[in-house]
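This report refers to the structure that appears directly beneath it.
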Amino acid sequence: MSTAPGTPEAPGAARQVTVRVPAKVNVQLAVGAARPDGFHDLANVFLAVSLYDRVTATPAAPGELTVTCSGPYADQVPLDRGNLAARAAELLAARHGLSPDVHLHIDKDIPVAGGMAGGSADGAAALLACDALWGTGASREELLEICAELGSDVPFSLVGGAALGTGRGEHLTALPAGTFHWVFALAHGGLSTPAVFREFDRLTEGTPVPAPEASPALLAALAAGDPEALAGTLVNDLQPAALSLAPGLAATLDAGLGAGALAALVSGSGPTTAFLVPDPETAAKVADALEASGTCRATRTAHGPVPGATPVPT
């Protein structure tokens, strides 16, 4: 491993580290009015689900920070310093006086630009992997600070489970939750999160936007592990904006509901659509019906909550 000139290799450093990190679904996304800084206050109830990316960090030559990617969505992943995985490495190295000499390989299985925090997940995984690779010994609090600097969803990708995110979504409170089963329909094309928020602002211009608050009924259903109760409380304030930019998503939502899903919503900023189902058998049925409908390009099934970014044996 290379470090900054004159800096010895940390005694806790590893030679290769792989971290597995999950996707997320927003079971509630309440959005407030735009703030002066351009962000929006949120009440964002996250659930980590069992679709995973893996990020492997290995030492690189001095002055080299490289990113490669494999998997079904690899051709859609930027491999430059704008990738959140690369930015995570740079921020951690800067805090500890190191040169970010690392090769990051992303095994990508979370849909890209799908509202499931795939890029955020890679940032959290790279941060944890580089911390172990370099032996920096960063505290959980420091890692979460860097995550918040990287983006609003990155802290949750590190933590996983179920949580309420406030502020921009980066201030997390862990929530109790039973296990829930989901089907995700992957759309043709992607949606830009900033574009969806801009459309939200356009659609709500001139109307009062209430301060975002978590739904007590939703939190109770989540804690009880009751899918029927949760189905009646799912809400995404960005869904009208996503449907405005991608009207075809309405047909996908209808197809999943018609096939037996308890509830359907756009996942985060979209365009992935999420379908809550009572059990794995119904998940398989709904996934088959969605694929047969021709309203989406593929489906994935998953369950949650699951843990956040976690080192795995290599």
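In the structure tokens, each chain is lettered A, B, ... as it comes, each chain's residues begin at 1, and ligands are numbered from 1 in order of appearance.
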**Report entry** Residue neighbourhood A:Gly114, 8 Å, only C-alpha atoms, exclusion window fewer than 4 positions, as a ChimeraX atom specification
**Finding:** /A:118,186-187,190-191,267,269-272
With all heavy atoms retained, could you export that selection as a CSV table (one decimal), in the first residue's frame?
chain,number,residue,atom,x,y,z
A,118,GLY,N,-28.0,3.4,-5.4
A,118,GLY,CA,-26.9,2.6,-5.8
A,118,GLY,C,-25.6,3.3,-5.7
A,118,GLY,O,-24.6,2.8,-5.2
A,186,LEU,N,-37.8,-2.4,-13.0
A,186,LEU,CA,-36.8,-1.5,-13.5
A,186,LEU,C,-37.3,-0.9,-14.8
A,186,LEU,O,-37.7,-1.6,-15.7
A,186,LEU,CB,-35.5,-2.3,-13.8
A,186,LEU,CG,-35.0,-3.1,-12.6
A,186,LEU,CD1,-33.7,-3.8,-12.9
A,186,LEU,CD2,-34.9,-2.3,-11.3
A,187,ALA,N,-37.3,0.4,-14.9
A,187,ALA,CA,-37.8,1.2,-16.0
A,187,ALA,C,-36.8,1.2,-17.2
A,187,ALA,O,-35.6,0.9,-17.0
A,187,ALA,CB,-38.2,2.6,-15.6
A,190,GLY,N,-33.4,6.2,-17.1
A,190,GLY,CA,-33.3,6.6,-15.7
A,190,GLY,C,-33.9,8.0,-15.5
A,190,GLY,O,-34.4,8.6,-16.5
A,191,LEU,N,-33.9,8.5,-14.3
A,191,LEU,CA,-34.3,9.8,-13.9
A,191,LEU,C,-33.2,10.4,-13.1
A,191,LEU,O,-32.7,9.8,-12.2
A,191,LEU,CB,-35.7,9.8,-13.2
A,191,LEU,CG,-36.9,9.6,-13.9
A,191,LEU,CD1,-38.1,9.5,-13.0
A,191,LEU,CD2,-37.2,10.8,-14.9
A,267,SER,N,-40.0,4.4,-6.3
A,267,SER,CA,-39.0,4.3,-5.3
A,267,SER,C,-38.1,5.6,-5.3
A,267,SER,O,-37.4,5.8,-6.3
A,267,SER,CB,-38.1,3.1,-5.5
A,267,SER,OG,-37.0,3.0,-4.6
A,269,SER,N,-36.6,8.9,-6.0
A,269,SER,CA,-36.8,9.8,-7.2
A,269,SER,C,-37.1,9.1,-8.4
A,269,SER,O,-37.3,9.7,-9.5
A,269,SER,CB,-35.6,10.7,-7.4
A,269,SER,OG,-34.4,9.9,-7.6
A,270,GLY,N,-37.2,7.7,-8.4
A,270,GLY,CA,-37.5,6.9,-9.5
A,270,GLY,C,-36.3,6.8,-10.4
A,270,GLY,O,-35.2,7.2,-10.2
A,271,PRO,N,-36.6,6.1,-11.6
A,271,PRO,CA,-37.8,5.6,-12.1
A,271,PRO,C,-38.2,4.2,-11.7
A,271,PRO,O,-39.2,3.6,-12.1
A,271,PRO,CB,-37.7,5.7,-13.6
A,271,PRO,CG,-36.2,5.3,-13.8
A,271,PRO,CD,-35.5,5.9,-12.6
A,272,THR,N,-37.4,3.5,-10.8
A,272,THR,CA,-37.8,2.2,-10.3
A,272,THR,C,-39.1,2.3,-9.6
A,272,THR,O,-39.3,3.2,-8.8
A,272,THR,CB,-36.7,1.6,-9.4
A,272,THR,OG1,-35.5,1.5,-10.2
A,272,THR,CG2,-37.0,0.2,-8.9
What's the 10 Å shell around A:Ser157, counting only C-alpha atoms, without same-chain residues fewer than 6 positions away, as a list in words?
Val21, Pro22, Ala23, Lys24, Phe46, Leu47, Ala48, Ala117, Gly118, Gly119, Ser120, Ala121, Asp122, Gly123, Ala124, Ala125, Cys147, Pro307, Gly308 and Ala309 of chain A
Next, the residues of the selection above should be written as a compact mmCIF listing (two decimals), in the first residue's frame with all heavy atoms.
# COMPACT_ATOMS: atom_id res chain seq x y z
N VAL A 21 -22.93 -3.92 0.27
CA VAL A 21 -23.80 -2.82 0.68
C VAL A 21 -25.15 -2.93 -0.03
O VAL A 21 -25.22 -3.27 -1.21
CB VAL A 21 -23.10 -1.46 0.38
CG1 VAL A 21 -22.90 -1.26 -1.12
CG2 VAL A 21 -23.85 -0.29 0.99
N PRO A 22 -26.26 -2.69 0.69
CA PRO A 22 -27.59 -2.91 0.10
C PRO A 22 -28.17 -1.68 -0.59
O PRO A 22 -27.76 -0.54 -0.36
CB PRO A 22 -28.43 -3.27 1.33
CG PRO A 22 -27.84 -2.43 2.42
CD PRO A 22 -26.34 -2.39 2.14
N ALA A 23 -29.19 -1.96 -1.40
CA ALA A 23 -30.05 -0.90 -1.95
C ALA A 23 -31.04 -0.46 -0.87
O ALA A 23 -31.10 -1.03 0.23
CB ALA A 23 -30.79 -1.43 -3.17
N LYS A 24 -31.82 0.55 -1.19
CA LYS A 24 -32.85 1.00 -0.25
C LYS A 24 -34.15 1.25 -0.98
O LYS A 24 -34.18 1.48 -2.21
CB LYS A 24 -32.41 2.26 0.49
CG LYS A 24 -32.13 3.50 -0.39
CD LYS A 24 -33.34 4.30 -0.77
CE LYS A 24 -33.00 5.55 -1.60
NZ LYS A 24 -34.19 6.18 -2.23
N PHE A 46 -36.37 5.08 5.50
CA PHE A 46 -35.59 4.17 4.67
C PHE A 46 -35.76 2.73 5.13
O PHE A 46 -35.82 2.45 6.33
CB PHE A 46 -34.09 4.48 4.81
CG PHE A 46 -33.61 5.81 4.34
CD1 PHE A 46 -33.34 6.82 5.24
CD2 PHE A 46 -33.36 6.04 2.99
CE1 PHE A 46 -32.83 8.04 4.82
CE2 PHE A 46 -32.84 7.24 2.56
CZ PHE A 46 -32.58 8.25 3.47
N LEU A 47 -35.71 1.83 4.16
CA LEU A 47 -35.63 0.40 4.44
C LEU A 47 -34.56 -0.17 3.52
O LEU A 47 -34.64 -0.04 2.30
CB LEU A 47 -36.97 -0.27 4.18
CG LEU A 47 -37.18 -1.67 4.75
CD1 LEU A 47 -37.29 -1.62 6.26
CD2 LEU A 47 -38.45 -2.29 4.16
N ALA A 48 -33.52 -0.79 4.10
CA ALA A 48 -32.48 -1.43 3.29
C ALA A 48 -32.98 -2.79 2.82
O ALA A 48 -33.54 -3.56 3.61
CB ALA A 48 -31.21 -1.59 4.12
N ALA A 117 -30.54 4.29 -4.48
CA ALA A 117 -29.31 4.73 -3.81
C ALA A 117 -28.11 3.87 -4.16
O ALA A 117 -27.23 3.66 -3.33
CB ALA A 117 -29.50 4.78 -2.29
N GLY A 118 -28.02 3.39 -5.41
CA GLY A 118 -26.88 2.58 -5.81
C GLY A 118 -25.56 3.32 -5.74
O GLY A 118 -24.55 2.80 -5.25
N GLY A 119 -25.53 4.56 -6.22
CA GLY A 119 -24.31 5.35 -6.14
C GLY A 119 -23.94 5.67 -4.71
O GLY A 119 -22.77 5.62 -4.33
N SER A 120 -24.94 6.00 -3.90
CA SER A 120 -24.69 6.27 -2.48
C SER A 120 -24.15 5.04 -1.78
O SER A 120 -23.26 5.12 -0.93
CB SER A 120 -25.99 6.73 -1.81
OG SER A 120 -26.43 7.96 -2.34
N ALA A 121 -24.71 3.87 -2.14
CA ALA A 121 -24.25 2.62 -1.55
C ALA A 121 -22.78 2.39 -1.86
O ALA A 121 -21.99 2.00 -0.98
CB ALA A 121 -25.09 1.46 -2.08
N ASP A 122 -22.36 2.67 -3.09
CA ASP A 122 -20.96 2.48 -3.46
C ASP A 122 -20.05 3.43 -2.68
O ASP A 122 -18.94 3.07 -2.30
CB ASP A 122 -20.77 2.67 -4.96
CG ASP A 122 -21.52 1.63 -5.78
OD1 ASP A 122 -21.89 0.58 -5.23
OD2 ASP A 122 -21.76 1.90 -6.97
N GLY A 123 -20.51 4.65 -2.45
CA GLY A 123 -19.73 5.58 -1.66
C GLY A 123 -19.52 5.09 -0.23
O GLY A 123 -18.41 5.13 0.30
N ALA A 124 -20.60 4.59 0.39
CA ALA A 124 -20.49 4.08 1.75
C ALA A 124 -19.59 2.85 1.81
O ALA A 124 -18.76 2.70 2.72
CB ALA A 124 -21.88 3.74 2.29
N ALA A 125 -19.73 1.96 0.82
CA ALA A 125 -18.92 0.75 0.81
C ALA A 125 -17.45 1.07 0.61
O ALA A 125 -16.57 0.50 1.27
CB ALA A 125 -19.41 -0.19 -0.29
N CYS A 147 -19.86 10.48 5.14
CA CYS A 147 -21.02 10.06 4.35
C CYS A 147 -21.95 11.23 4.07
O CYS A 147 -22.42 11.41 2.93
CB CYS A 147 -21.79 8.96 5.10
SG CYS A 147 -21.03 7.32 5.07
N PRO A 307 -28.85 -5.51 6.99
CA PRO A 307 -27.79 -4.63 7.49
C PRO A 307 -27.21 -3.73 6.41
O PRO A 307 -27.29 -4.04 5.21
CB PRO A 307 -26.74 -5.61 8.01
CG PRO A 307 -27.49 -6.88 8.28
CD PRO A 307 -28.55 -6.94 7.23
N GLY A 308 -26.57 -2.66 6.82
CA GLY A 308 -25.90 -1.75 5.91
C GLY A 308 -24.56 -2.29 5.47
O GLY A 308 -24.32 -3.51 5.46
N ALA A 309 -23.65 -1.39 5.08
CA ALA A 309 -22.35 -1.77 4.54
C ALA A 309 -21.61 -2.69 5.52
O ALA A 309 -21.46 -2.35 6.69
CB ALA A 309 -21.53 -0.53 4.24
What's the 9 Å shell around A:Gln239, counting only C-alpha atoms, without same-chain residues fewer than 3 positions away, as a PDB file with all heavy atoms, in the first residue's frame?
ATOM      1  N   VAL A 196     -35.910  15.627 -10.770  1.00  0.00           N
ATOM      2  CA  VAL A 196     -37.182  15.284 -10.114  1.00  0.00           C
ATOM      3  C   VAL A 196     -37.494  16.308  -9.023  1.00  0.00           C
ATOM      4  O   VAL A 196     -38.646  16.745  -8.883  1.00  0.00           O
ATOM      5  CB  VAL A 196     -37.126  13.851  -9.551  1.00  0.00           C
ATOM      6  CG1 VAL A 196     -38.377  13.547  -8.731  1.00  0.00           C
ATOM      7  CG2 VAL A 196     -36.991  12.836 -10.685  1.00  0.00           C
ATOM      8  N   PHE A 200     -40.670  18.744  -8.751  1.00  0.00           N
ATOM      9  CA  PHE A 200     -41.457  18.885  -7.518  1.00  0.00           C
ATOM     10  C   PHE A 200     -41.661  20.366  -7.201  1.00  0.00           C
ATOM     11  O   PHE A 200     -42.782  20.800  -6.882  1.00  0.00           O
ATOM     12  CB  PHE A 200     -40.748  18.175  -6.361  1.00  0.00           C
ATOM     13  CG  PHE A 200     -41.358  18.443  -5.011  1.00  0.00           C
ATOM     14  CD1 PHE A 200     -42.428  17.685  -4.551  1.00  0.00           C
ATOM     15  CD2 PHE A 200     -40.856  19.459  -4.187  1.00  0.00           C
ATOM     16  CE1 PHE A 200     -42.990  17.938  -3.298  1.00  0.00           C
ATOM     17  CE2 PHE A 200     -41.419  19.710  -2.938  1.00  0.00           C
ATOM     18  CZ  PHE A 200     -42.496  18.942  -2.489  1.00  0.00           C
ATOM     19  N   VAL A 235     -46.150   6.355   1.109  1.00  0.00           N
ATOM     20  CA  VAL A 235     -46.329   7.620   0.395  1.00  0.00           C
ATOM     21  C   VAL A 235     -44.979   8.154  -0.054  1.00  0.00           C
ATOM     22  O   VAL A 235     -43.976   7.994   0.633  1.00  0.00           O
ATOM     23  CB  VAL A 235     -47.054   8.664   1.283  1.00  0.00           C
ATOM     24  CG1 VAL A 235     -46.215   9.029   2.508  1.00  0.00           C
ATOM     25  CG2 VAL A 235     -47.415   9.909   0.496  1.00  0.00           C
ATOM     26  N   ASN A 236     -44.972   8.774  -1.222  1.00  0.00           N
ATOM     27  CA  ASN A 236     -43.773   9.388  -1.779  1.00  0.00           C
ATOM     28  C   ASN A 236     -44.170  10.720  -2.394  1.00  0.00           C
ATOM     29  O   ASN A 236     -44.818  10.760  -3.450  1.00  0.00           O
ATOM     30  CB  ASN A 236     -43.148   8.468  -2.832  1.00  0.00           C
ATOM     31  CG  ASN A 236     -41.907   9.077  -3.480  1.00  0.00           C
ATOM     32  OD1 ASN A 236     -41.480  10.170  -3.121  1.00  0.00           O
ATOM     33  ND2 ASN A 236     -41.339   8.376  -4.448  1.00  0.00           N
ATOM     34  N   ALA A 242     -42.043  12.507 -10.490  1.00  0.00           N
ATOM     35  CA  ALA A 242     -41.477  11.427 -11.289  1.00  0.00           C
ATOM     36  C   ALA A 242     -42.447  11.010 -12.401  1.00  0.00           C
ATOM     37  O   ALA A 242     -42.036  10.780 -13.549  1.00  0.00           O
ATOM     38  CB  ALA A 242     -41.149  10.230 -10.398  1.00  0.00           C
ATOM     39  N   LEU A 243     -43.727  10.941 -12.089  1.00  0.00           N
ATOM     40  CA  LEU A 243     -44.723  10.573 -13.103  1.00  0.00           C
ATOM     41  C   LEU A 243     -44.871  11.665 -14.157  1.00  0.00           C
ATOM     42  O   LEU A 243     -45.141  11.375 -15.326  1.00  0.00           O
ATOM     43  CB  LEU A 243     -46.069  10.288 -12.443  1.00  0.00           C
ATOM     44  CG  LEU A 243     -46.143   9.021 -11.590  1.00  0.00           C
ATOM     45  CD1 LEU A 243     -47.480   8.940 -10.861  1.00  0.00           C
ATOM     46  CD2 LEU A 243     -45.951   7.775 -12.452  1.00  0.00           C
ATOM     47  N   SER A 244     -44.680  12.914 -13.762  1.00  0.00           N
ATOM     48  CA  SER A 244     -44.739  14.005 -14.729  1.00  0.00           C
ATOM     49  C   SER A 244     -43.612  13.893 -15.748  1.00  0.00           C
ATOM     50  O   SER A 244     -43.813  14.129 -16.947  1.00  0.00           O
ATOM     51  CB  SER A 244     -44.660  15.346 -13.997  1.00  0.00           C
ATOM     52  OG  SER A 244     -44.605  16.434 -14.902  1.00  0.00           O
ATOM     53  N   LEU A 265     -45.516   2.118  -5.350  1.00  0.00           N
ATOM     54  CA  LEU A 265     -45.073   3.509  -5.367  1.00  0.00           C
ATOM     55  C   LEU A 265     -43.765   3.608  -6.136  1.00  0.00           C
ATOM     56  O   LEU A 265     -43.086   2.598  -6.361  1.00  0.00           O
ATOM     57  CB  LEU A 265     -44.907   4.079  -3.962  1.00  0.00           C
ATOM     58  CG  LEU A 265     -43.668   3.734  -3.131  1.00  0.00           C
ATOM     59  CD1 LEU A 265     -43.611   4.639  -1.899  1.00  0.00           C
ATOM     60  CD2 LEU A 265     -43.662   2.286  -2.692  1.00  0.00           C
ATOM     61  N   VAL A 266     -43.469   4.822  -6.575  1.00  0.00           N
ATOM     62  CA  VAL A 266     -42.164   5.097  -7.170  1.00  0.00           C
ATOM     63  C   VAL A 266     -41.137   5.066  -6.047  1.00  0.00           C
ATOM     64  O   VAL A 266     -41.359   5.610  -4.956  1.00  0.00           O
ATOM     65  CB  VAL A 266     -42.167   6.458  -7.884  1.00  0.00           C
ATOM     66  CG1 VAL A 266     -40.774   6.829  -8.364  1.00  0.00           C
ATOM     67  CG2 VAL A 266     -43.143   6.432  -9.054  1.00  0.00           C
ATOM     68  N   SER A 267     -39.998   4.420  -6.286  1.00  0.00           N
ATOM     69  CA  SER A 267     -38.951   4.323  -5.276  1.00  0.00           C
ATOM     70  C   SER A 267     -38.088   5.577  -5.308  1.00  0.00           C
ATOM     71  O   SER A 267     -37.415   5.844  -6.308  1.00  0.00           O
ATOM     72  CB  SER A 267     -38.084   3.087  -5.532  1.00  0.00           C
ATOM     73  OG  SER A 267     -37.047   2.997  -4.579  1.00  0.00           O
ATOM     74  N   GLY A 268     -38.126   6.345  -4.235  1.00  0.00           N
ATOM     75  CA  GLY A 268     -37.326   7.564  -4.158  1.00  0.00           C
ATOM     76  C   GLY A 268     -37.646   8.510  -5.299  1.00  0.00           C
ATOM     77  O   GLY A 268     -38.810   8.824  -5.572  1.00  0.00           O
ATOM     78  N   SER A 269     -36.626   8.948  -6.022  1.00  0.00           N
ATOM     79  CA  SER A 269     -36.821   9.837  -7.159  1.00  0.00           C
ATOM     80  C   SER A 269     -37.117   9.074  -8.447  1.00  0.00           C
ATOM     81  O   SER A 269     -37.295   9.690  -9.497  1.00  0.00           O
ATOM     82  CB  SER A 269     -35.581  10.723  -7.353  1.00  0.00           C
ATOM     83  OG  SER A 269     -34.429   9.917  -7.562  1.00  0.00           O
ATOM     84  N   GLY A 270     -37.193   7.736  -8.373  1.00  0.00           N
ATOM     85  CA  GLY A 270     -37.503   6.940  -9.534  1.00  0.00           C
ATOM     86  C   GLY A 270     -36.297   6.771 -10.448  1.00  0.00           C
ATOM     87  O   GLY A 270     -35.199   7.241 -10.158  1.00  0.00           O
TER      88      GLY A 270
END
Using only C-alpha atoms for the distances, tell me which of A:Pro194, A:Pro155, A:Pro305, A:Pro278 is nearest to A:Val27.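 The answer is A:Pro305, which sits nearest to A:Val27.
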Do a neighbour search on A:Phe275 at 10 Å with only C-alpha atoms, toss out local chain neighbours closer than 6 positions, and write the hits as a tab-separated table (two decimals) with N, CA and C atoms, in the first residue's frame.
chain	number	residue	atom	x	y	z
A	181	HIS	N	-41.56	-7.93	2.13
A	181	HIS	CA	-41.17	-8.48	0.83
A	181	HIS	C	-41.58	-7.50	-0.27
A	182	TRP	N	-40.69	-7.38	-1.29
A	182	TRP	CA	-40.84	-6.37	-2.32
A	182	TRP	C	-40.56	-6.94	-3.71
A	183	VAL	N	-41.19	-6.32	-4.69
A	183	VAL	CA	-40.84	-6.50	-6.09
A	183	VAL	C	-40.45	-5.13	-6.63
A	184	PHE	N	-39.37	-5.06	-7.36
A	184	PHE	CA	-38.93	-3.82	-7.98
A	184	PHE	C	-38.97	-3.97	-9.49
A	185	ALA	N	-39.65	-3.03	-10.15
A	185	ALA	CA	-39.72	-3.03	-11.61
A	185	ALA	C	-38.76	-1.98	-12.13
A	231	ALA	N	-49.13	-1.14	3.80
A	231	ALA	CA	-49.61	-0.81	2.45
A	231	ALA	C	-50.48	0.43	2.43
A	253	LEU	N	-47.13	0.83	-12.43
A	253	LEU	CA	-47.79	0.80	-11.13
A	253	LEU	C	-49.12	0.05	-11.20
A	256	GLY	N	-48.62	-3.84	-11.58
A	256	GLY	CA	-48.25	-4.53	-10.36
A	256	GLY	C	-49.40	-4.66	-9.38
A	257	LEU	N	-50.20	-3.60	-9.27
A	257	LEU	CA	-51.37	-3.67	-8.41
A	257	LEU	C	-52.37	-4.69	-8.93
A	260	GLY	N	-51.64	-8.30	-7.91
A	260	GLY	CA	-51.77	-8.75	-6.53
A	260	GLY	C	-50.89	-8.06	-5.52
A	261	ALA	N	-50.15	-7.02	-5.91
A	261	ALA	CA	-49.36	-6.28	-4.93
A	261	ALA	C	-50.29	-5.55	-3.96
A	262	LEU	N	-49.86	-5.45	-2.71
A	262	LEU	CA	-50.65	-4.75	-1.70
A	262	LEU	C	-50.62	-3.24	-1.92
A	263	ALA	N	-49.50	-2.74	-2.42
A	263	ALA	CA	-49.33	-1.31	-2.65
A	263	ALA	C	-48.20	-1.12	-3.64
A	264	ALA	N	-48.18	0.06	-4.26
A	264	ALA	CA	-47.15	0.37	-5.25
A	264	ALA	C	-46.79	1.83	-5.12
A	265	LEU	N	-45.52	2.12	-5.35
A	265	LEU	CA	-45.07	3.51	-5.37
A	265	LEU	C	-43.76	3.61	-6.14
A	266	VAL	N	-43.47	4.82	-6.57
A	266	VAL	CA	-42.16	5.10	-7.17
A	266	VAL	C	-41.14	5.07	-6.05
A	267	SER	N	-40.00	4.42	-6.29
A	267	SER	CA	-38.95	4.32	-5.28
A	267	SER	C	-38.09	5.58	-5.31
A	283	ALA	N	-44.59	-12.40	-4.41
A	283	ALA	CA	-43.54	-11.63	-5.09
A	283	ALA	C	-43.22	-12.24	-6.45
A	286	VAL	N	-46.14	-11.55	-8.89
A	286	VAL	CA	-46.20	-10.15	-9.33
A	286	VAL	C	-45.05	-9.86	-10.28
A	287	ALA	N	-43.86	-10.38	-9.99
A	287	ALA	CA	-42.71	-10.16	-10.87
A	287	ALA	C	-42.97	-10.73	-12.26
A	301	THR	N	-36.75	-9.16	-7.04
A	301	THR	CA	-37.44	-9.36	-5.77
A	301	THR	C	-36.42	-9.23	-4.64
Would you mind listing, for every residue of stretch 13-77 of chain A within 12 Å of stretch 207-219 of chain A, the two atoms forming the shortest contact and the distance between them in Å to one decimal, using only C-alpha atoms, sorted by chain and ascending residue number, as JSON lines?
{"residue": "A:Asn26", "atom": "CA", "partner": "A:Leu218", "partner_atom": "CA", "distance": 11.7}
{"residue": "A:Val27", "atom": "CA", "partner": "A:Leu218", "partner_atom": "CA", "distance": 8.3}
{"residue": "A:Gln28", "atom": "CA", "partner": "A:Ala214", "partner_atom": "CA", "distance": 7.4}
{"residue": "A:Leu29", "atom": "CA", "partner": "A:Ala214", "partner_atom": "CA", "distance": 8.5}
{"residue": "A:Ala30", "atom": "CA", "partner": "A:Pro212", "partner_atom": "CA", "distance": 5.1}
{"residue": "A:Val31", "atom": "CA", "partner": "A:Pro212", "partner_atom": "CA", "distance": 5.6}
{"residue": "A:Gly32", "atom": "CA", "partner": "A:Ala211", "partner_atom": "CA", "distance": 5.2}
{"residue": "A:Ala33", "atom": "CA", "partner": "A:Val209", "partner_atom": "CA", "distance": 5.6}
{"residue": "A:Ala34", "atom": "CA", "partner": "A:Val209", "partner_atom": "CA", "distance": 9.3}
{"residue": "A:Arg35", "atom": "CA", "partner": "A:Ala211", "partner_atom": "CA", "distance": 11.5}
{"residue": "A:His40", "atom": "CA", "partner": "A:Pro212", "partner_atom": "CA", "distance": 9.6}
{"residue": "A:Asp41", "atom": "CA", "partner": "A:Pro212", "partner_atom": "CA", "distance": 6.9}
{"residue": "A:Leu42", "atom": "CA", "partner": "A:Pro212", "partner_atom": "CA", "distance": 5.7}
{"residue": "A:Ala43", "atom": "CA", "partner": "A:Pro212", "partner_atom": "CA", "distance": 5.3}
{"residue": "A:Asn44", "atom": "CA", "partner": "A:Ala214", "partner_atom": "CA", "distance": 7.4}
{"residue": "A:Val45", "atom": "CA", "partner": "A:Ala214", "partner_atom": "CA", "distance": 7.4}
{"residue": "A:Phe46", "atom": "CA", "partner": "A:Leu219", "partner_atom": "CA", "distance": 11.1}
{"residue": "A:Leu47", "atom": "CA", "partner": "A:Leu219", "partner_atom": "CA", "distance": 11.7}
- If you run DSSP over the backbone, which residues in stretch 29-180 of chain A end up alpha helix (DSSP H)? Put them as a PyMOL selection string. chain A and resi 84-95+118-134+140-150+154-159
Atom CA of A:Leu245 to atom CA of A:Pro72 measures 25.1 Å
TODO: Could you give me, as a ChimeraX atom specification, the residues within 10 Å of stretch 100-107 of chain A, counting only C-alpha atoms and dropping anything in the same chain fewer than 4 positions from it?
DONE: /A:1-4,16-20,52-74,77,79,85-94,122,125-126,129-130,133-134
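Between atom CA of A:Ala220 and atom CA of A:Gly232 there is a distance of 11.8 Å.
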Quiz item: What separation in Å, quoted to one decimal, exists between atom CA of A:Ala223 and atom CA of A:Ala284?
Solution: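 Here the two named atoms are 24.8 Å from each other.
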Looking only at strand (DSSP E) from DSSP on the backbone, list the matching residues of stretch 27-269 of chain A as a VMD selection string.
chain A and resid 27 to 34 40 to 59 65 to 70 102 to 107 162 to 166 171 to 174 180 to 186 235 to 236 263 to 266
